[in-house]
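Here is protein-v7.txt, consisting of compact mmCIF, C-alpha atoms:
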```
# COMPACT_ATOMS: atom_id res chain seq x y z
CA GLY A 1 0.00 0.00 0.00
CA GLY A 2 0.94 3.69 0.22
CA GLY A 3 1.97 3.92 -3.39
CA ALA A 4 4.59 1.18 -3.13
CA LYS A 5 5.51 -0.38 -6.44
CA PRO A 6 4.36 -3.95 -7.12
CA ILE A 7 7.20 -6.43 -6.66
CA VAL A 8 8.07 -8.99 -9.34
CA LYS A 9 10.54 -11.81 -8.81
CA ALA A 10 13.22 -11.84 -11.51
CA THR A 11 16.26 -13.96 -12.21
CA GLY A 12 19.20 -14.05 -14.64
CA GLY A 13 21.17 -11.18 -16.10
CA GLY A 14 18.04 -9.26 -17.05
CA ALA A 15 17.16 -8.89 -13.39
CA TYR A 16 20.21 -6.65 -13.09
CA LYS A 17 20.35 -5.00 -16.51
CA HIS A 18 16.71 -3.93 -16.80
CA VAL A 19 15.88 -2.77 -13.28
CA GLU A 20 15.48 0.86 -14.32
CA ASP A 21 13.38 0.00 -17.37
CA PHE A 22 10.88 -1.99 -15.31
CA SER A 23 10.73 0.76 -12.72
CA SER A 24 10.36 3.76 -15.04
CA ARG A 25 8.25 2.23 -17.80
CA LEU A 26 6.11 -0.29 -15.97
CA GLY A 27 6.19 0.92 -12.38
CA LEU A 28 7.45 -2.44 -11.12
CA GLU A 29 10.15 -3.26 -8.62
CA LEU A 30 12.31 -6.28 -9.47
CA GLU A 31 13.29 -8.53 -6.59
CA LYS A 32 16.32 -10.56 -7.66
CA VAL A 33 16.34 -14.32 -7.17
CA ASP A 34 19.48 -16.42 -7.54
CA GLU A 35 19.69 -17.76 -11.09
CA MET A 36 20.91 -21.28 -10.33
CA GLU A 37 18.49 -21.73 -7.43
CA SER A 38 15.61 -20.65 -9.66
CA LEU A 39 16.75 -22.99 -12.40
CA VAL A 40 16.94 -26.02 -10.11
CA THR A 41 13.67 -25.18 -8.35
CA GLY A 42 11.80 -24.87 -11.64
CA THR A 43 13.26 -28.10 -13.01
CA ASN A 44 12.50 -30.07 -9.85
CA PHE A 45 8.93 -28.81 -9.89
CA LEU A 46 8.33 -29.80 -13.49
CA LEU A 47 9.92 -33.24 -13.16
CA SER A 48 8.14 -33.94 -9.89
CA VAL A 49 4.66 -32.75 -10.85
CA ILE A 50 4.07 -32.45 -14.60
CA GLN A 51 3.23 -35.61 -16.47
CA ASP A 52 5.53 -36.49 -19.40
CA GLU A 53 7.83 -33.55 -18.75
CA GLY A 54 11.09 -35.27 -19.71
CA PHE A 55 11.72 -36.91 -23.07
CA THR A 56 14.38 -38.29 -25.35
CA PHE A 57 14.69 -37.23 -28.98
CA TRP A 58 16.03 -39.48 -31.72
CA LYS A 59 15.52 -39.14 -35.47
CA GLY A 60 12.48 -36.94 -35.09
CA LYS A 61 10.83 -39.11 -32.46
CA LYS A 62 10.05 -38.04 -28.91
CA ASP A 63 9.83 -40.72 -26.23
CA TYR A 64 8.58 -39.52 -22.86
CA ILE A 65 10.31 -40.94 -19.81
CA SER A 66 8.61 -42.20 -16.69
CA ILE A 67 9.77 -40.91 -13.31
CA GLN A 68 8.18 -42.47 -10.25
CA ASN A 69 6.60 -40.21 -7.64
CA ASP A 70 9.48 -40.49 -5.21
CA SER A 71 12.76 -38.65 -4.86
CA SER A 72 14.89 -41.78 -5.11
CA ASP A 73 13.90 -42.22 -8.75
CA LEU A 74 14.51 -38.59 -9.73
CA PHE A 75 17.68 -37.71 -7.83
CA PRO A 76 20.52 -37.33 -8.42
CA TYR A 77 20.70 -36.00 -11.97
CA LEU A 78 22.82 -33.64 -14.06
CA LEU A 79 21.23 -30.45 -15.34
CA VAL A 80 23.02 -28.81 -18.27
CA ASN A 81 21.85 -25.23 -18.69
CA ILE A 82 22.92 -23.85 -22.07
CA GLY A 83 22.59 -20.09 -22.07
CA SER A 84 25.22 -17.65 -23.27
CA GLY A 85 27.68 -19.96 -21.54
CA VAL A 86 27.04 -23.38 -20.04
CA SER A 87 26.62 -24.46 -16.41
CA LEU A 88 26.49 -28.08 -15.30
CA LEU A 89 24.62 -28.65 -12.04
CA LYS A 90 24.56 -31.85 -10.02
CA VAL A 91 21.13 -31.92 -8.41
CA ASP A 92 20.83 -34.18 -5.35
CA GLY A 93 17.40 -33.10 -4.11
CA HIS A 94 15.09 -30.18 -3.50
CA ASN A 95 17.31 -27.16 -2.77
CA GLN A 96 20.36 -29.45 -2.95
CA TYR A 97 22.60 -28.77 -5.89
CA GLU A 98 26.19 -27.97 -6.85
CA ARG A 99 27.70 -26.41 -9.95
CA VAL A 100 30.29 -29.02 -10.90
CA SER A 101 31.48 -27.73 -14.27
CA GLY A 102 30.81 -25.43 -17.20
CA THR A 103 32.17 -24.02 -20.43
CA SER A 104 32.30 -20.63 -22.11
CA LEU A 105 31.36 -22.25 -25.43
CA GLY A 106 27.58 -22.02 -25.38
CA GLY A 107 24.63 -20.28 -26.97
CA GLY A 108 26.44 -16.95 -27.02
CA THR A 109 29.29 -18.54 -28.96
CA PHE A 110 26.86 -20.01 -31.47
CA TRP A 111 25.01 -16.74 -31.93
CA GLY A 112 28.11 -14.53 -31.99
CA LEU A 113 30.08 -16.56 -34.52
CA GLY A 114 26.93 -17.38 -36.45
CA ARG A 115 26.07 -13.74 -36.94
CA LEU A 116 29.58 -13.01 -38.23
CA LEU A 117 29.63 -16.00 -40.57
CA THR A 118 26.09 -15.91 -41.95
CA GLY A 119 24.75 -12.41 -41.50
CA CYS A 120 21.67 -13.68 -39.66
CA THR A 121 19.93 -11.01 -37.64
CA SER A 122 18.29 -13.20 -34.99
CA PHE A 123 19.02 -16.35 -33.03
CA ASP A 124 15.88 -18.03 -34.37
CA GLU A 125 16.88 -17.22 -37.93
CA LEU A 126 20.28 -18.85 -37.36
CA LEU A 127 18.70 -21.99 -35.92
CA GLU A 128 16.28 -22.21 -38.82
CA LEU A 129 19.11 -21.71 -41.31
CA SER A 130 21.03 -24.66 -39.84
CA THR A 131 18.21 -27.03 -40.78
CA ARG A 132 19.02 -26.50 -44.47
CA GLY A 133 22.77 -27.00 -44.19
CA ASP A 134 25.32 -29.68 -45.11
CA ASN A 135 28.22 -29.48 -42.69
CA SER A 136 30.42 -31.81 -44.76
CA SER A 137 31.32 -28.85 -46.98
CA VAL A 138 33.16 -27.14 -44.12
CA ASP A 139 33.84 -29.87 -41.54
CA MET A 140 36.78 -32.23 -42.04
CA LEU A 141 35.41 -35.77 -41.73
CA VAL A 142 37.26 -38.98 -40.93
CA GLY A 143 36.62 -40.04 -44.52
CA ASP A 144 38.38 -36.91 -45.79
CA ILE A 145 41.53 -38.07 -44.02
CA TYR A 146 41.33 -41.78 -44.86
CA GLY A 147 40.23 -41.70 -48.48
CA GLY A 148 36.52 -42.01 -47.82
CA LEU A 149 36.96 -45.02 -45.52
CA ASP A 150 36.04 -45.65 -41.90
CA TYR A 151 38.79 -45.78 -39.30
CA GLU A 152 37.59 -49.19 -38.16
CA LYS A 153 40.38 -49.93 -35.70
CA ILE A 154 39.21 -47.22 -33.29
CA GLY A 155 35.54 -47.35 -34.28
CA LEU A 156 35.21 -44.09 -36.22
CA GLU A 157 32.92 -44.00 -39.24
CA ALA A 158 33.86 -42.05 -42.34
CA THR A 159 31.12 -39.51 -41.61
CA THR A 160 32.43 -38.71 -38.11
CA ILE A 161 33.64 -35.12 -37.73
CA ALA A 162 37.41 -35.13 -37.28
CA SER A 163 37.83 -31.34 -37.21
CA SER A 164 35.05 -28.75 -37.07
CA PHE A 165 35.55 -26.27 -39.95
CA GLY A 166 38.75 -28.17 -40.78
CA LYS A 167 37.88 -28.73 -44.44
CA ILE A 168 38.28 -25.00 -45.05
CA LEU A 169 42.03 -25.57 -44.71
CA MET A 170 41.85 -28.04 -47.60
CA ASN A 171 40.46 -25.34 -49.89
CA GLU A 172 42.91 -22.47 -49.54
CA ASP A 173 41.61 -20.73 -52.66
CA LYS A 174 38.12 -20.25 -51.18
CA SER A 175 36.97 -17.30 -49.10
CA LEU A 176 34.00 -16.82 -46.78
CA GLU A 177 31.72 -15.85 -49.67
CA ASP A 178 32.33 -19.24 -51.33
CA TYR A 179 30.63 -21.15 -48.51
CA GLU A 180 26.91 -21.53 -48.00
CA PRO A 181 25.66 -19.79 -44.84
CA ALA A 182 23.42 -22.76 -44.05
CA ASP A 183 26.40 -25.15 -44.12
CA MET A 184 28.35 -22.98 -41.72
CA ALA A 185 25.34 -22.61 -39.43
CA LEU A 186 24.93 -26.38 -39.15
CA ALA A 187 28.66 -26.96 -38.67
CA LEU A 188 28.67 -24.37 -35.91
CA CYS A 189 25.60 -25.87 -34.27
CA ARG A 190 27.21 -29.31 -34.22
CA MET A 191 30.57 -28.01 -33.01
CA ILE A 192 28.98 -26.30 -29.99
CA SER A 193 26.57 -29.18 -29.27
CA TYR A 194 29.21 -31.92 -29.46
CA ASN A 195 31.52 -30.03 -27.12
CA ILE A 196 28.76 -29.48 -24.55
CA ALA A 197 27.60 -33.10 -24.76
CA GLN A 198 31.11 -34.47 -24.20
CA ILE A 199 31.61 -32.31 -21.10
CA ALA A 200 28.18 -33.37 -19.84
CA TYR A 201 28.91 -37.06 -20.35
CA LEU A 202 32.27 -36.86 -18.60
CA ASN A 203 30.71 -35.16 -15.58
CA ALA A 204 27.83 -37.65 -15.44
CA LYS A 205 30.39 -40.44 -15.51
CA LYS A 206 32.53 -38.79 -12.84
CA TYR A 207 29.62 -38.35 -10.42
CA ASN A 208 27.84 -41.60 -11.36
CA LEU A 209 24.68 -39.84 -12.55
CA LYS A 210 22.18 -41.83 -14.57
CA ARG A 211 20.27 -38.93 -16.14
CA ILE A 212 21.42 -35.84 -18.06
CA PHE A 213 18.81 -33.13 -18.68
CA PHE A 214 19.53 -30.33 -21.14
CA GLY A 215 17.83 -26.94 -20.93
CA GLY A 216 18.37 -23.30 -21.81
CA PHE A 217 17.60 -20.94 -24.69
CA PHE A 218 20.11 -22.65 -27.00
CA ILE A 219 17.76 -25.61 -27.44
CA ARG A 220 14.39 -23.89 -27.97
CA GLY A 221 12.74 -27.13 -29.11
CA HIS A 222 15.03 -27.18 -32.16
CA PRO A 223 15.22 -30.73 -33.57
CA PHE A 224 18.74 -30.43 -35.02
CA THR A 225 20.11 -29.26 -31.68
CA MET A 226 18.36 -32.01 -29.74
CA GLN A 227 19.38 -34.67 -32.24
CA THR A 228 22.99 -33.49 -32.15
CA LEU A 229 23.14 -33.58 -28.35
CA SER A 230 21.42 -36.99 -28.36
CA TYR A 231 23.86 -38.37 -30.93
CA ALA A 232 26.86 -37.09 -28.99
CA ILE A 233 25.72 -38.52 -25.64
CA ASN A 234 25.00 -41.85 -27.33
CA PHE A 235 28.41 -41.77 -29.05
CA TRP A 236 30.52 -40.92 -26.00
CA SER A 237 28.65 -43.28 -23.66
CA LYS A 238 28.65 -46.10 -26.23
CA GLY A 239 24.88 -46.28 -25.95
CA GLU A 240 24.74 -46.44 -22.13
CA MET A 241 23.26 -42.95 -21.63
CA ARG A 242 20.63 -40.84 -23.34
CA ALA A 243 20.23 -37.10 -23.57
CA LEU A 244 17.03 -35.93 -21.91
CA PHE A 245 15.07 -32.77 -22.63
CA LEU A 246 12.26 -30.85 -20.95
CA ARG A 247 9.00 -29.82 -22.56
CA HIS A 248 9.08 -26.48 -20.76
CA GLU A 249 12.83 -25.90 -20.85
CA GLY A 250 12.44 -22.25 -21.80
CA PHE A 251 10.65 -21.46 -18.53
CA LEU A 252 12.81 -23.14 -15.88
CA GLY A 253 14.27 -20.03 -14.27
CA ALA A 254 11.07 -17.99 -14.47
CA LEU A 255 9.04 -20.80 -12.94
CA GLY A 256 11.61 -21.27 -10.18
CA ALA A 257 11.47 -17.58 -9.34
CA PHE A 258 7.68 -17.72 -9.37
CA LEU A 259 7.77 -20.58 -6.87
CA MET A 260 9.80 -18.50 -4.43
CA TYR A 261 7.32 -15.73 -3.76
CA GLU A 262 7.19 -16.99 -0.20
CA GLU A 263 10.56 -17.85 1.31
CA GLY A 264 10.93 -21.57 1.83
CA VAL A 265 7.62 -22.39 0.20
CA SER A 266 8.94 -23.79 -3.08
CA SER A 267 10.48 -27.00 -1.76
CA ASN A 268 7.46 -27.61 0.49
CA ILE A 269 5.09 -27.26 -2.46
CA ILE A 270 7.14 -29.63 -4.59
CA ARG A 271 7.41 -32.22 -1.83
CA THR A 272 3.69 -32.02 -1.07
CA LEU A 273 2.73 -32.54 -4.70
CA SER A 274 5.34 -35.26 -5.27
CA GLU A 275 4.08 -37.26 -2.31
CA ARG A 276 0.50 -37.24 -3.53
CA ARG A 277 -0.18 -40.42 -5.44
CA HIS A 278 -2.38 -38.73 -8.06
CA SER A 279 -0.68 -35.34 -8.21
CA ARG A 280 0.44 -35.77 -11.81
CA ALA A 281 -3.07 -36.43 -13.02
CA ASN A 282 -4.07 -33.14 -11.42
CA PHE A 283 -1.33 -31.17 -13.15
CA VAL A 284 -1.51 -32.15 -16.80
CA GLU A 285 -0.66 -29.20 -19.03
CA ARG A 286 -3.61 -27.89 -21.04
CA PHE A 287 -1.86 -25.83 -23.70
CA SER A 288 0.75 -26.27 -26.37
CA ILE A 289 4.00 -24.29 -26.22
CA GLN A 290 5.92 -25.86 -29.08
CA ALA A 291 7.60 -23.24 -31.25
CA LYS A 292 6.16 -23.44 -34.74
CA HIS A 293 9.53 -23.09 -36.46
CA TYR A 294 11.14 -26.06 -34.77
CA SER A 295 8.62 -28.87 -35.03
CA PRO A 296 10.07 -31.95 -36.75
CA PRO A 297 8.97 -32.31 -40.35
CA PRO A 298 5.76 -34.32 -40.77
CA GLN A 299 7.50 -37.34 -42.26
CA ALA A 300 9.83 -37.56 -39.26
CA GLN A 301 7.17 -37.49 -36.57
CA ASP A 302 6.23 -40.65 -34.75
CA SER A 303 2.74 -41.75 -35.71
CA GLN A 304 2.29 -43.31 -32.25
CA VAL A 305 2.75 -40.02 -30.40
CA PRO A 306 -0.72 -38.67 -29.60
CA PRO A 307 -1.59 -35.10 -30.58
CA GLY A 308 -1.32 -32.34 -28.01
CA PRO A 309 -4.09 -31.99 -25.45
CA PRO A 310 -7.14 -29.98 -26.49
CA GLN A 311 -7.58 -26.42 -25.34
CA ARG A 312 -9.28 -26.26 -21.97
CA ALA A 313 -12.72 -24.85 -21.43
CA HIS A 314 -12.83 -21.50 -19.67
CA SER A 315 -14.42 -23.12 -16.61
CA GLU A 316 -11.58 -25.63 -16.19
CA LYS A 317 -8.62 -24.63 -14.05
CA SER A 318 -5.18 -24.68 -15.65
CA TRP A 319 -2.26 -26.41 -13.91
CA VAL A 320 -0.96 -22.97 -12.93
CA GLU A 321 -4.23 -22.15 -11.16
CA LYS A 322 -4.27 -25.56 -9.50
CA PHE A 323 -0.64 -25.14 -8.51
CA MET A 324 -1.35 -21.76 -6.93
CA GLN A 325 -4.29 -23.20 -5.01
CA VAL A 326 -2.31 -26.13 -3.62
CA GLY A 327 0.71 -23.90 -3.06
CA ARG A 328 -1.26 -21.49 -0.91
CA LEU A 329 -2.59 -24.36 1.18
CA SER A 330 0.88 -25.90 1.53
CA ALA A 331 2.29 -22.54 2.58
CA GLY A 332 -0.48 -21.99 5.11
CA LEU A 333 -1.80 -19.02 3.13
CA GLY A 334 -5.33 -20.33 2.79
CA GLY A 335 -7.31 -18.65 0.05
CA LYS A 336 -5.27 -15.45 -0.11
CA ASP A 337 -4.70 -13.88 -3.52
```

Taking this structure as input, can you express it in the form of C-alpha cells?
Amino acid sequence: GGGAKPIVKATGGGAYKHVEDFSSRLGLELEKVDEMESLVTGTNFLLSVIQDEGFTFWKGKKDYISIQNDSSDLFPYLLVNIGSGVSLLKVDGHNQYERVSGTSLGGGTFWGLGRLLTGCTSFDELLELSTRGDNSSVDMLVGDIYGGLDYEKIGLEATTIASSFGKILMNEDKSLEDYEPADMALALCRMISYNIAQIAYLNAKKYNLKRIFFGGFFIRGHPFTMQTLSYAINFWSKGEMRALFLRHEGFLGALGAFLMYEEGVSSNIIRTLSERRHSRANFVERFSIQAKHYSPPPQAQDSQVPPGPPQRAHSEKSWVEKFMQVGRLSAGLGGKD
C-alpha cells in the first residue's frame, strides 16, 4: 500500500540489466532471485509434478520418460543449462545442488560466430538456417583423411567429424563468400553441441549420474540441436546414456522464481505434490507451447505419439491455477490472492 511499487521476482542477467526500465516504464520493482536456485527449483517442480515432462529425442521421435513419484527415482541428476555460456549442475534433491562444471562455449558462442559467418539477424533465424545445411562442406570428416573409408580400428565411421571447420584448410583458394551460410550454421551448431555433450557425459560419468537433462535458450525445441546432443551422448557413452530434454525448458528459471514468492515455500510445495499419489493427473498441461519453427517435419514425426491436449474450457482450471491453489494451502496461506 501507500503507493509502493508492485514487486516482481526476476532472475538471470536481465534482473540486473533492466531494473530501471521496469521501474520507469512499468512501475514495477524487481526482486532478484538467484539464477541457479531458480533454475533447479523450476526443473524439480516440473519433473516432480508435470506428467511427461522429460523426453528423449532421436531421429524426429520423442519418447517420454517415466519418473516415479518419489525422490529416489529422480535424484541425483545432471542439469546442463545452455545459455550464453554453459553451467552443469549436479542436483541431489530439492534445494540441494552444486555447480560441478561449465564451459564458455555455449549459446552466445553459437550466436556470436553465427552472426559473423552468416549475416543472420536473430538467433531463431540462425537456428532455422542450420536445418538446411550440409556441414560436410566445411567440416573435415574422418573419410576426408582416410580416403573415404572408416577408421575401423578405433571405431570411427567415415562420416564422423574429425575437425570442425577443418575442411576450409583443404580449400585455400576459397573465401567466406564461397561457402553456403546454411552449411556454416549447421557446422557451428554441431561443433557447440558436441563439445557441450562431451563435457556433460564426462561429468555424469565422474559423479555416477544416470540422467542428463539439457535446458536453456540454445535448445528452444530445435530438432537439429536435440538430435545433435542426443547423438553425442550416445556416441561418447557407447549407448549407455541418453540425452534428456524438458518440454518447458524455456521457462525453468522464471518458474523457479515464481515458486519462491514466499521464502521456503517452493520446496514444500514440490514435496507435497510429489508425495501425492495422483498429483500428476491433477497437473496435466492444457496448452501447447511448441515453437512453430522447430517442429520436426511431418515425415519424421512418430505416428504413435498422440496429438497435443485440447484447449481447456474456460471453466476448467489450468495447472498454474491448480498449482497456486495447492501452493497457498501448503504454505499456510489459505485462500489469499

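Using all atoms listed in the file, the protein and nucleic acid residues lying no more than 6 Å from stretch 54-56 of chain A, apart from those fewer than 5 places from it along its own chain, are Lys62, Asp63, Tyr64, Ile65, Leu244, Phe245 and Leu246 of chain A.
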
* Rounded to one decimal in Å, what is the spacing between atom CA of A:Thr121 and atom CA of A:Arg190? ->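 Taking atom CA of A:Thr121 as the start and atom CA of A:Arg190 as the end point, the length is 20.0 Å.
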
For A:Lys5, please output as an mmCIF file with C-alpha atoms, keeping the file's coordinate frame all residues within 10 Å (counting all atoms listed in the file; exclusion window: fewer than 5 positions along the same chain).
```
data_model
loop_
_atom_site.group_PDB
_atom_site.id
_atom_site.type_symbol
_atom_site.label_atom_id
_atom_site.label_comp_id
_atom_site.auth_asym_id
_atom_site.auth_seq_id
_atom_site.Cartn_x
_atom_site.Cartn_y
_atom_site.Cartn_z
ATOM 1 C CA SER A 23 10.730 0.760 -12.720
ATOM 2 C CA LEU A 26 6.110 -0.290 -15.970
ATOM 3 C CA GLY A 27 6.190 0.920 -12.380
ATOM 4 C CA LEU A 28 7.450 -2.440 -11.120
ATOM 5 C CA GLU A 29 10.150 -3.260 -8.620
ATOM 6 C CA LEU A 30 12.310 -6.280 -9.470
#
```

* To do: Please provide the set of residues having any atom within 8 Å of stretch 237-241 of chain A, restricted to only C-alpha atoms, with same-chain residues fewer than 5 positions apart removed, written as a count of residues only.
  => 3

* **atom CA of A:Gln227 to atom CA of A:Gly250, straight-line distance in Å** =>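 Separation between atom CA of A:Gly250 and atom CA of A:Gln227: 17.6 Å.
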